[in-house]
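Structure first, then comments.
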Amino acid sequence: DRYSRRVAKAPEHAGSLHAIALLPPAQRALAIKDLPNNPLIWLYERVLAQEIVPAAQLFDRVNAAQPGNITSAKLRELAETLAKFGLGVVPGPGFSFGADHDSMLLFELDAPTETLEAASPHYRSALLTVALGILVGKADGGLQPAERLSLEGMVANANGVTDNERRRLSADLRWLELRPVALASLRRKLAAIPHEERAQIADLLVGVASAGGS
C-alpha cells in the first residue's frame, strides 16, 4: 500500500502526518493516537490562536522534514494532507489569490476530508468581495471594528457557499486584513465578472464604507 511504500523509502518519516495520511481513515486515527508527540495538537493550537505560521515550520510539523524549495505541487500536497485531519490552509491552492510560499494561516474544516473540493463560483465572488472590502476599510488606515463586523456579516451571509467555503472565507478575512491584495490585481478580476455581479459587490462595499463612516 502507499503507506508501506512511503515508509520503506523514508522510514524516519513513518510517524509524520504526511505518511499517516496515506493510511485508511480508521487506521489513521489509531496511528495518530499512538504518536508520542502528536503534531495535531500543535496544529490545532495554531488554529485557536489564529496565528500566522511560517511555511517551513508547517511543512516540518506535517512532513517531519524541511521542504526545500516550496513549489505549488508541494503546497497542494500539504493542503491535501491537512484536509485528511480536518484542517484547511490559507492561502489555499485553487482558492486564494495566488500562493504564499513564506507563511500560512490554518483553520478547521467541518470534518476530515479525503479530497479537496474545488472552489465554487459563489466562493470566488465572495472572496473578491471580501478582498475589496478590506481595501475599502483600510483606505483611511486600519480596519475599524464596525468595518470588520460588516465584513464578518458578509462572510456569514454569503450565498451559495459550502460550509467549508464559509469557514475558509473567515480565514481569508483574517489573512487579507494582514496581507491585502493589490488593487490592480482585484480590478482585473472584477472586470472579468458580469455587470450584475459587479453591481451586487458594489452594494456590499457601500455597506462596508458606511460602517466606517465614509
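As shown in the C-alpha cells, the chain order sets the letters A, B, ...; within each chain, residues go from 1, and ligands are also counted from 1 in the order they appear.
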Report task. Quick one: pick out all alpha helix (DSSP H) residues within stretch 18-187 of chain A from a backbone DSSP run and write them as a VMD selection string. Result -> chain A and resid 18 to 20 25 to 33 39 to 49 55 to 63 72 to 83 121 to 137 145 to 156 163 to 178 183 to 187
Report task. Could you give me, as an MDAnalysis selection string, the residues within 10 Å of A:Glu108, counting only C-alpha atoms and dropping anything in the same chain fewer than 3 positions from it? Result -> chainID A and resid 43:44 47:48 82:83 85:89 111:112 164 167:168 171
Requested in this report: Go through A:Ile41, A:Ala55, A:Lys84, A:Asp60 one by one, measure the shortest atom-to-atom distance of each to A:Ile20 using only C-alpha atoms, and give the residue with the smallest value.
Outcome: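 Of the candidates, the smallest distance to A:Ile20 is held by A:Lys84.
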**Report entry** Polymer residues at most 12 Å from A:Ile193, only C-alpha atoms, same-chain spacing of 6 or more positions, as a list in words
**Finding:**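 My reading of the contact set: Pro121, His122, Arg124, Ser125, Leu128, Thr129, Leu186, Arg187, Ala199, Gln200 and Ile201 of chain A.
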Query - Nearest to A:Leu205 by atom-to-atom distance, counting only C-alpha atoms, from A:Val7, A:Leu143, A:Leu151, A:Ala49 - result: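 The shortest atom-to-atom distance to A:Leu205 comes from A:Leu151.
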Report task. Might you pull out every residue within 12 Å of A:Asp163, with only C-alpha atoms counted and same-chain residues fewer than 2 positions away left off, and present them as a count of residues only? Result -> 20
**Report entry** Nearest candidate to A:Pro54 (options A:Leu176, A:Leu17, A:Leu30, A:Leu106; using only C-alpha atoms)
**Finding:**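 Selected residue with least distance to A:Pro54: A:Leu106.
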Query - Residue nearest A:Ala119 among A:Pro180, A:Gly142, A:Gly133, A:Gly94 (counting only C-alpha atoms) - result: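 Of A:Pro180, A:Gly142, A:Gly133, A:Gly94, the one nearest A:Ala119, counting only C-alpha atoms, is A:Gly94.
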Query - Residue among A:Asn37, A:Asn69, A:Thr115, A:Asn63 lying closest to A:Ala10, counting only C-alpha atoms - result: A:Asn63
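By only C-alpha atoms, and with residues fewer than 6 positions from A:Ala56 along its chain excluded, the set lying at most 10 Å from it is Ala65, Gln66, Pro67, Gly68, Asn69, Ile70, His101, Asp102, Ser103 and Met104 of chain A.
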Limited to all heavy atoms, could you put the picked residues into a file as a PDB file, in the first residue's frame?
ATOM      1  N   ALA A  65      10.045  17.048   7.988  1.00  0.00           N
ATOM      2  CA  ALA A  65      11.228  17.378   7.182  1.00  0.00           C
ATOM      3  C   ALA A  65      11.054  18.770   6.616  1.00  0.00           C
ATOM      4  O   ALA A  65       9.932  19.238   6.404  1.00  0.00           O
ATOM      5  CB  ALA A  65      11.410  16.373   6.051  1.00  0.00           C
ATOM      6  N   GLN A  66      12.158  19.446   6.375  1.00  0.00           N
ATOM      7  CA  GLN A  66      12.118  20.740   5.711  1.00  0.00           C
ATOM      8  C   GLN A  66      11.788  20.543   4.235  1.00  0.00           C
ATOM      9  O   GLN A  66      12.228  19.568   3.617  1.00  0.00           O
ATOM     10  CB  GLN A  66      13.458  21.459   5.867  1.00  0.00           C
ATOM     11  CG  GLN A  66      13.717  21.979   7.268  1.00  0.00           C
ATOM     12  CD  GLN A  66      12.707  23.033   7.679  1.00  0.00           C
ATOM     13  OE1 GLN A  66      12.447  23.979   6.958  1.00  0.00           O
ATOM     14  NE2 GLN A  66      12.122  22.858   8.861  1.00  0.00           N
ATOM     15  N   PRO A  67      11.010  21.448   3.640  1.00  0.00           N
ATOM     16  CA  PRO A  67      10.512  21.221   2.278  1.00  0.00           C
ATOM     17  C   PRO A  67      11.509  21.521   1.167  1.00  0.00           C
ATOM     18  O   PRO A  67      11.275  21.151   0.021  1.00  0.00           O
ATOM     19  CB  PRO A  67       9.322  22.187   2.198  1.00  0.00           C
ATOM     20  CG  PRO A  67       9.717  23.310   3.104  1.00  0.00           C
ATOM     21  CD  PRO A  67      10.480  22.668   4.238  1.00  0.00           C
ATOM     22  N   GLY A  68      12.605  22.225   1.502  1.00  0.00           N
ATOM     23  CA  GLY A  68      13.472  22.686   0.418  1.00  0.00           C
ATOM     24  C   GLY A  68      12.767  23.789  -0.343  1.00  0.00           C
ATOM     25  O   GLY A  68      12.115  24.649   0.248  1.00  0.00           O
ATOM     26  N   ASN A  69      12.848  23.749  -1.654  1.00  0.00           N
ATOM     27  CA  ASN A  69      12.160  24.744  -2.471  1.00  0.00           C
ATOM     28  C   ASN A  69      10.658  24.463  -2.452  1.00  0.00           C
ATOM     29  O   ASN A  69      10.215  23.390  -2.860  1.00  0.00           O
ATOM     30  CB  ASN A  69      12.690  24.687  -3.908  1.00  0.00           C
ATOM     31  CG  ASN A  69      12.042  25.753  -4.790  1.00  0.00           C
ATOM     32  OD1 ASN A  69      11.800  26.871  -4.335  1.00  0.00           O
ATOM     33  ND2 ASN A  69      11.752  25.408  -6.025  1.00  0.00           N
ATOM     34  N   ILE A  70       9.862  25.407  -1.950  1.00  0.00           N
ATOM     35  CA  ILE A  70       8.413  25.212  -1.839  1.00  0.00           C
ATOM     36  C   ILE A  70       7.753  25.521  -3.179  1.00  0.00           C
ATOM     37  O   ILE A  70       7.751  26.657  -3.634  1.00  0.00           O
ATOM     38  CB  ILE A  70       7.821  26.096  -0.730  1.00  0.00           C
ATOM     39  CG1 ILE A  70       8.443  25.722   0.622  1.00  0.00           C
ATOM     40  CG2 ILE A  70       6.311  25.915  -0.662  1.00  0.00           C
ATOM     41  CD1 ILE A  70       7.985  26.597   1.765  1.00  0.00           C
ATOM     42  N   HIS A 101       4.436  31.433  -0.321  1.00  0.00           N
ATOM     43  CA  HIS A 101       5.382  30.367  -0.009  1.00  0.00           C
ATOM     44  C   HIS A 101       6.114  30.624   1.304  1.00  0.00           C
ATOM     45  O   HIS A 101       6.964  29.828   1.687  1.00  0.00           O
ATOM     46  CB  HIS A 101       6.396  30.220  -1.148  1.00  0.00           C
ATOM     47  CG  HIS A 101       5.789  29.686  -2.409  1.00  0.00           C
ATOM     48  ND1 HIS A 101       6.547  29.217  -3.458  1.00  0.00           N
ATOM     49  CD2 HIS A 101       4.503  29.534  -2.799  1.00  0.00           C
ATOM     50  CE1 HIS A 101       5.752  28.806  -4.431  1.00  0.00           C
ATOM     51  NE2 HIS A 101       4.513  28.996  -4.051  1.00  0.00           N
ATOM     52  N   ASP A 102       5.796  31.709   1.986  1.00  0.00           N
ATOM     53  CA  ASP A 102       6.511  32.076   3.207  1.00  0.00           C
ATOM     54  C   ASP A 102       5.732  31.781   4.483  1.00  0.00           C
ATOM     55  O   ASP A 102       6.316  31.392   5.492  1.00  0.00           O
ATOM     56  CB  ASP A 102       6.881  33.561   3.179  1.00  0.00           C
ATOM     57  CG  ASP A 102       7.839  33.893   2.058  1.00  0.00           C
ATOM     58  OD1 ASP A 102       8.727  33.066   1.770  1.00  0.00           O
ATOM     59  OD2 ASP A 102       7.692  34.971   1.454  1.00  0.00           O
ATOM     60  N   SER A 103       4.417  31.988   4.464  1.00  0.00           N
ATOM     61  CA  SER A 103       3.628  31.809   5.677  1.00  0.00           C
ATOM     62  C   SER A 103       2.185  31.466   5.319  1.00  0.00           C
ATOM     63  O   SER A 103       1.747  31.686   4.180  1.00  0.00           O
ATOM     64  CB  SER A 103       3.667  33.073   6.533  1.00  0.00           C
ATOM     65  OG  SER A 103       3.257  34.198   5.782  1.00  0.00           O
ATOM     66  N   MET A 104       1.461  30.914   6.307  1.00  0.00           N
ATOM     67  CA  MET A 104       0.098  30.434   6.081  1.00  0.00           C
ATOM     68  C   MET A 104      -0.735  30.588   7.345  1.00  0.00           C
ATOM     69  O   MET A 104      -0.195  30.794   8.435  1.00  0.00           O
ATOM     70  CB  MET A 104       0.115  28.961   5.661  1.00  0.00           C
ATOM     71  CG  MET A 104       0.877  28.689   4.383  1.00  0.00           C
ATOM     72  SD  MET A 104       1.019  26.931   4.057  1.00  0.00           S
ATOM     73  CE  MET A 104       2.170  26.989   2.672  1.00  0.00           C
TER      74      MET A 104
END
Query raised in the report: Rounded to one decimal in Å, what is the spacing between atom CA of A:Ala8 and atom CA of A:Ala73?
Result: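 One can read the atom CA of A:Ala8 to atom CA of A:Ala73 distance as 22.5 Å.
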Requested in this report: Could you check which of A:Ala202, A:Leu58, A:Ile134, A:Met154 is closest to A:Ala182, using only C-alpha atoms?
Outcome: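 Distance minimum relative to A:Ala182 lands on A:Ile134.
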Query raised in the report: Contacts of A:Ile32 at 12 Å or less, counting only C-alpha atoms, minus same-chain residues fewer than 6 places along, as a VMD selection string?
Result: chain A and resid 14 to 21 23 25 to 26 38 to 41 85
I need the residues from that last selection saved to file as a compact mmCIF listing (two decimals), in the first residue's frame (with N, CA, C and O atoms), if you can.
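So result_28.txt came out as:
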# COMPACT_ATOMS: atom_id res chain seq x y z
N ALA A 14 8.00 7.68 9.28
CA ALA A 14 6.84 6.81 9.49
C ALA A 14 5.79 7.45 10.38
O ALA A 14 4.59 7.20 10.23
N GLY A 15 6.22 8.28 11.34
CA GLY A 15 5.28 8.92 12.26
C GLY A 15 4.85 10.30 11.85
O GLY A 15 4.20 11.00 12.63
N SER A 16 5.16 10.70 10.62
CA SER A 16 4.76 12.03 10.15
C SER A 16 3.30 12.02 9.71
O SER A 16 2.76 10.98 9.29
N LEU A 17 2.65 13.17 9.79
CA LEU A 17 1.26 13.28 9.33
C LEU A 17 1.16 12.97 7.84
O LEU A 17 0.18 12.39 7.38
N HIS A 18 2.18 13.37 7.09
CA HIS A 18 2.18 13.13 5.64
C HIS A 18 2.12 11.63 5.35
O HIS A 18 1.38 11.19 4.46
N ALA A 19 2.88 10.83 6.10
CA ALA A 19 2.86 9.38 5.91
C ALA A 19 1.57 8.77 6.44
O ALA A 19 0.94 7.95 5.77
N ILE A 20 1.15 9.18 7.63
CA ILE A 20 -0.05 8.62 8.24
C ILE A 20 -1.30 8.92 7.41
O ILE A 20 -2.24 8.12 7.37
N ALA A 21 -1.29 10.05 6.71
CA ALA A 21 -2.43 10.41 5.85
C ALA A 21 -2.64 9.40 4.73
O ALA A 21 -3.73 9.35 4.14
N LEU A 23 -2.66 6.20 5.15
CA LEU A 23 -3.40 5.07 5.70
C LEU A 23 -4.91 5.26 5.49
O LEU A 23 -5.39 6.39 5.36
N PRO A 25 -8.70 5.84 6.72
CA PRO A 25 -9.11 6.71 7.84
C PRO A 25 -9.14 6.03 9.20
O PRO A 25 -8.68 6.59 10.19
N ALA A 26 -9.65 4.81 9.29
CA ALA A 26 -9.75 4.13 10.59
C ALA A 26 -8.36 3.84 11.15
O ALA A 26 -8.11 4.05 12.34
N ASN A 38 2.20 14.25 19.44
CA ASN A 38 1.18 14.39 18.40
C ASN A 38 1.24 15.78 17.75
O ASN A 38 0.91 16.78 18.40
N PRO A 39 1.65 15.86 16.47
CA PRO A 39 1.74 17.17 15.82
C PRO A 39 0.39 17.84 15.62
O PRO A 39 0.32 19.05 15.46
N LEU A 40 -0.70 17.05 15.67
CA LEU A 40 -2.02 17.66 15.51
C LEU A 40 -2.33 18.63 16.64
O LEU A 40 -3.04 19.62 16.44
N ILE A 41 -1.83 18.33 17.83
CA ILE A 41 -2.07 19.23 18.96
C ILE A 41 -1.48 20.60 18.66
O ILE A 41 -2.13 21.63 18.86
N PHE A 85 -6.96 15.52 8.04
CA PHE A 85 -7.00 15.65 9.50
C PHE A 85 -7.94 16.79 9.93
O PHE A 85 -7.88 17.25 11.07
Report task. Would you list, as number ranges by chain, the residues of stretch 6-103 of chain A that end up in strand (DSSP E) under DSSP run on this structure's backbone? Result -> A: 52-54, 87-90, 103
